[in-house]
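Report on the structure given below.
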Amino acid sequence: MKILVTGAAGFIGSTLSLKLLERGDEIVGLDNMNDYYDVTLKQARLDRLLPYDNFKFVKLDVADQQGMKDMFAEEKFDRVVHLAAQAGVRYSLENPQAYIDANIVGFTNVLEGCRHNKVANLVYASSSSVYGANTSMPFSIHDNIDHPVSLYAASKKANELMAHTYSHLFGLPTTGLRFFTVYGPWGRPDMSLFMFTKNIIEGKPIDVFNYGDHQRDFTYVDDIVEGVTRCVDKIAQPNPDWTGDKPDPATSKAPYRIYNIGNNDPVHLMTFIETLENALGKKAEKNMLPLQAGDVPATYANVEDLVKDMGYKPETKLETGIQNFVNWYKEFYKVA
């Protein structure tokens with residue numbers, strides 16, 4: 001298949017592209033290579049993909065309406081995986097406009113490209129952050145999510161609503177994936193595992209928010225990519241049992257689906273740090289801080305629908321995933 005992967009120089013996008021290339025798909029990888037974090041890391045991820053004959057890189061911003069329109073018309077994709085976004089909860093407090101441009105305007109351009117060029121399946125990244133102020137756990141895709149606590153979360157919920165509209169109006173099959181705290185090799189420098197590892201190695205203190213009382217459903221990147229791939233291959237179908245009397249948020253009369261992709265096993269932040277300390281063979285100096293604006297204290301994914309519909313469940317153990325990250329970090333940054 002010919003597949004567009006947006007955010008192809010990103011953490012998840014590059015790992016997914018590599019998997020799809022290795023199985024023989026033709027991949028067009030799009031990224032704007034912005035400097036939200038270290039561009040040399042993005043380039044290094046991209047360098048893993050460039051040797052493949054079935055890979056083409058397009059440097060383009062998803063918010064560029066004409067550029068996106070031209071690319072869709074020229075390439076004629078079978079499938080689209082939309083992962084490009086302005087990420088990060090805390091940064092959305094500093095630069096809200098970036099989230100509107102990338103996550104709302106950009107997603108509109110992706111939807112329009114799919115609609116007008118008869119794309120057979122759109123899979124896109126949502127986020128566990130959409131659960132916002134919800135406290136009933138594990139978080140279920142069948143629960144209402146009307147109380148986001150960051151603009152990032154609000155933009156991701158908006159993406160789900162926009163996708164449903166296009167599924168309903170134009171019959172575009174869409175599958176939204178709520179990622180839960182993805183980690184692993186080639187990860188983002190603004191995420192906790194990367195920052196903790198860097199600081200511990202350099203002998204600097206780590207910032208532990210909410211006084212360490214966070215819980216996160218850490219999900220290894222290879223598990224995420226396996227789940228995404230299965231959704232690429234299985235086109236969303238209408239739910240014949242859906243009713244407006246008791247509307248299920250995760251399905252529709254239209255070809256629309258939402259799934260959680262999490263590890264279904266929340267880990268206390270202090271346990272996470274201890275596991276990292278063991279992998280590094282070095283203790284962390286901890287700077288204990290209060291809960292940050294926009295953060296949620298806990299995430300925990302109910303993945304029953306993913307298991308039932310895709311025959312798949314994430315299963316990489318935390319110890320294995322963290323050790324793999326530490327090994328990659330030391331090799332990539334040439335740490336003795």
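By convention in this document, the chains of the structure tokens carry letters A, B, ... by their order, each chain's residues are numbered from 1, and ligands are numbered from 1 in the order they are shown.
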
Contacts of region 73-89 of chain A within 9 Å, only C-alpha atoms, excl. fewer than 6 positions in-chain, as a JSON list (two decimals) with C-alpha atoms, in the first residue's frame:
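Written output follows (result-v6.json):
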```json
[["chain", "number", "residue", "atom", "x", "y", "z"],
["A", 1, "MET", "CA", 0.00, 0.00, 0.00],
["A", 2, "LYS", "CA", 0.99, 3.61, -0.44],
["A", 3, "ILE", "CA", 0.79, 5.22, 2.98],
["A", 4, "LEU", "CA", 1.28, 8.81, 4.12],
["A", 5, "VAL", "CA", 2.83, 9.06, 7.59],
["A", 6, "THR", "CA", 2.78, 12.62, 8.95],
["A", 7, "GLY", "CA", 5.29, 13.36, 11.68],
["A", 8, "ALA", "CA", 7.66, 10.82, 10.11],
["A", 10, "GLY", "CA", 8.96, 12.07, 15.17],
["A", 12, "ILE", "CA", 6.33, 7.27, 16.98],
["A", 13, "GLY", "CA", 6.21, 8.29, 13.30],
["A", 28, "VAL", "CA", 5.66, 9.05, 2.00],
["A", 30, "LEU", "CA", 5.97, 14.16, 5.97],
["A", 31, "ASP", "CA", 7.52, 16.39, 8.64],
["A", 32, "ASN", "CA", 8.14, 20.11, 9.03],
["A", 36, "TYR", "CA", 10.28, 22.40, 19.28],
["A", 61, "ASP", "CA", 3.91, 21.77, 7.50],
["A", 62, "VAL", "CA", 0.47, 20.16, 7.86],
["A", 98, "ALA", "CA", 0.94, 26.52, 18.01],
["A", 99, "TYR", "CA", -1.71, 23.97, 19.02],
["A", 100, "ILE", "CA", -4.43, 25.63, 16.97],
["A", 101, "ASP", "CA", -2.19, 25.82, 13.89],
["A", 102, "ALA", "CA", -0.77, 22.28, 14.02],
["A", 103, "ASN", "CA", -3.54, 20.31, 15.69],
["A", 106, "GLY", "CA", -3.34, 20.85, 10.25],
["A", 107, "PHE", "CA", -5.89, 18.14, 10.95],
["A", 110, "VAL", "CA", -5.47, 16.11, 6.44],
["A", 113, "GLY", "CA", -6.93, 15.67, 1.61],
["A", 114, "CYS", "CA", -8.44, 12.30, 2.51],
["A", 116, "HIS", "CA", -11.07, 14.73, -1.91],
["A", 117, "ASN", "CA", -8.62, 11.96, -2.87],
["A", 118, "LYS", "CA", -10.63, 8.91, -1.83],
["A", 119, "VAL", "CA", -8.25, 7.71, 0.89],
["A", 120, "ALA", "CA", -9.56, 4.33, 2.10],
["A", 121, "ASN", "CA", -8.56, 4.67, 5.76],
["A", 122, "LEU", "CA", -7.37, 7.46, 8.08],
["A", 123, "VAL", "CA", -5.69, 6.54, 11.37],
["A", 124, "TYR", "CA", -4.77, 9.47, 13.62],
["A", 125, "ALA", "CA", -3.19, 10.15, 17.00],
["A", 126, "SER", "CA", -5.40, 11.24, 19.84],
["A", 129, "SER", "CA", -4.98, 13.55, 27.95],
["A", 150, "SER", "CA", -5.17, 21.60, 28.85],
["A", 151, "LEU", "CA", -5.46, 23.13, 25.40],
["A", 152, "TYR", "CA", -3.44, 20.18, 24.06],
["A", 153, "ALA", "CA", -6.13, 17.82, 25.37],
["A", 190, "ASP", "CA", 10.79, 16.83, 26.55],
["A", 191, "MET", "CA", 9.43, 13.59, 28.07],
["A", 228, "VAL", "CA", -1.22, 1.41, 14.94],
["A", 232, "VAL", "CA", -4.00, 0.75, 9.40],
["A", 233, "ASP", "CA", -4.82, -2.71, 8.04],
["A", 293, "ALA", "CA", -1.13, 23.12, 35.67],
["A", 294, "GLY", "CA", -2.64, 20.97, 32.92],
["A", 295, "ASP", "CA", -1.27, 17.68, 34.31]]
```

Residues near Ser140 (chain A), cut-off 8 Å, only C-alpha atoms, skip fewer than 6 positions along chain, as an MDAnalysis selection string: chainID A and resid 260 301:303

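Distance annotation: of A:Arg188, A:Tyr52, A:Leu46, A:Thr197, the residue with the minimal separation from Gly281 (chain A) is A:Thr197; atom set is only C-alpha atoms.
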
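Within 7 Å of region 311-318 of chain A, once only C-alpha atoms are used and residues closer than 6 positions along the same chain are dropped, the contacting residues are Tyr220, Asp223, Gly227, Gly262 and Asn263 of chain A.
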
Long-range neighbours of Tyr131 (chain A) as an NGL selection string, 9 Å cut-off, only C-alpha atoms, 3 positions minimum in chain: :A and (127-128 or 134-135 or 139-140 or 143-149 or 153 or 296 or 299)

Could the residues in this selection be saved with C-alpha atoms as a compact mmCIF listing (two decimals), in the first residue's frame?
```
# COMPACT_ATOMS: atom_id res chain seq x y z
CA SER A 127 -4.15 11.21 23.43
CA SER A 128 -4.91 9.88 26.91
CA ASN A 134 -12.21 12.10 34.64
CA THR A 135 -11.30 9.99 37.68
CA PHE A 139 -10.26 5.12 31.46
CA SER A 140 -12.81 3.76 28.99
CA ASP A 143 -17.01 7.31 28.81
CA ASN A 144 -17.80 10.97 28.20
CA ILE A 145 -14.69 13.19 27.88
CA ASP A 146 -16.08 16.72 28.12
CA HIS A 147 -13.66 18.13 30.72
CA PRO A 148 -10.15 18.56 29.25
CA VAL A 149 -7.61 20.33 31.51
CA ALA A 153 -6.13 17.82 25.37
CA VAL A 296 -3.48 14.82 35.47
CA THR A 299 -3.73 7.56 33.67
```

DSSP alpha helix (DSSP H) selection over region 43-270 of chain A, as a ChimeraX atom specification: /A:43-47,65-75,91-94,96-99,106-116,151-170,192-201,221-233,269-270

Given only C-alpha atoms as the counted atoms, nearest of A:Trp186, A:Trp242, A:Tyr300, A:Tyr256 to Asp222 (chain A): A:Trp186

Distance query region 239-241 of chain A at most 7 Å, only C-alpha atoms, self and fewer than 6 positions along chain excluded, as a ChimeraX atom specification: /A:251-253

Using N, CA, C and O atoms, can you write the selected residues to a file as a PDB file, in the first residue's frame?
```pdb
ATOM      1  N   THR A 251     -17.916   4.686  19.054  1.00  0.00           N
ATOM      2  CA  THR A 251     -18.340   4.141  17.771  1.00  0.00           C
ATOM      3  C   THR A 251     -19.418   5.036  17.175  1.00  0.00           C
ATOM      4  O   THR A 251     -19.723   6.095  17.720  1.00  0.00           O
ATOM      5  N   SER A 252     -20.002   4.600  16.066  1.00  0.00           N
ATOM      6  CA  SER A 252     -20.978   5.446  15.383  1.00  0.00           C
ATOM      7  C   SER A 252     -21.725   4.641  14.333  1.00  0.00           C
ATOM      8  O   SER A 252     -21.313   3.537  13.970  1.00  0.00           O
ATOM      9  N   LYS A 253     -22.797   5.210  13.822  1.00  0.00           N
ATOM     10  CA  LYS A 253     -23.419   4.683  12.610  1.00  0.00           C
ATOM     11  C   LYS A 253     -22.509   4.899  11.405  1.00  0.00           C
ATOM     12  O   LYS A 253     -22.645   4.261  10.369  1.00  0.00           O
TER      13      LYS A 253
END
```

Residue set, region 119-284 of chain A restricted to strand (DSSP E), as a VMD selection string: chain A and resid 121 to 127 174 to 179 182 to 183 206 to 208 215 to 216 219 to 220 256 to 261 267 to 268

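Here CA of Leu49 (chain A) and CA of Leu16 (chain A) stand 10.4 Å from one another.
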
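When CA of Ser92 (chain A) is paired with CA of Val130 (chain A), their separation reads 14.0 Å.
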
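The residue that comes closest to Pro205 (chain A), out of A:Glu304, A:Glu274, A:Glu285, A:Glu22 and on the basis of only C-alpha atoms, is A:Glu285.
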
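Closest to Leu41 (chain A) among A:Lys56, A:Phe332, A:Val208, A:Arg216 is A:Phe332, based on only C-alpha atoms.
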
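Interatomic distance, CA of Gln97 (chain A) to CA of Leu291 (chain A): 23.9 Å.
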
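In this comparison, which uses only C-alpha atoms, the residue of A:Met68, A:Met137, A:Val225, A:Ala44 approaching Leu20 (chain A) most closely is A:Val225.
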
Residue contacts of Glu160 (chain A) (8 Å, only C-alpha atoms) excluding same-chain residues fewer than 3 positions away, as a count of residues only: 6
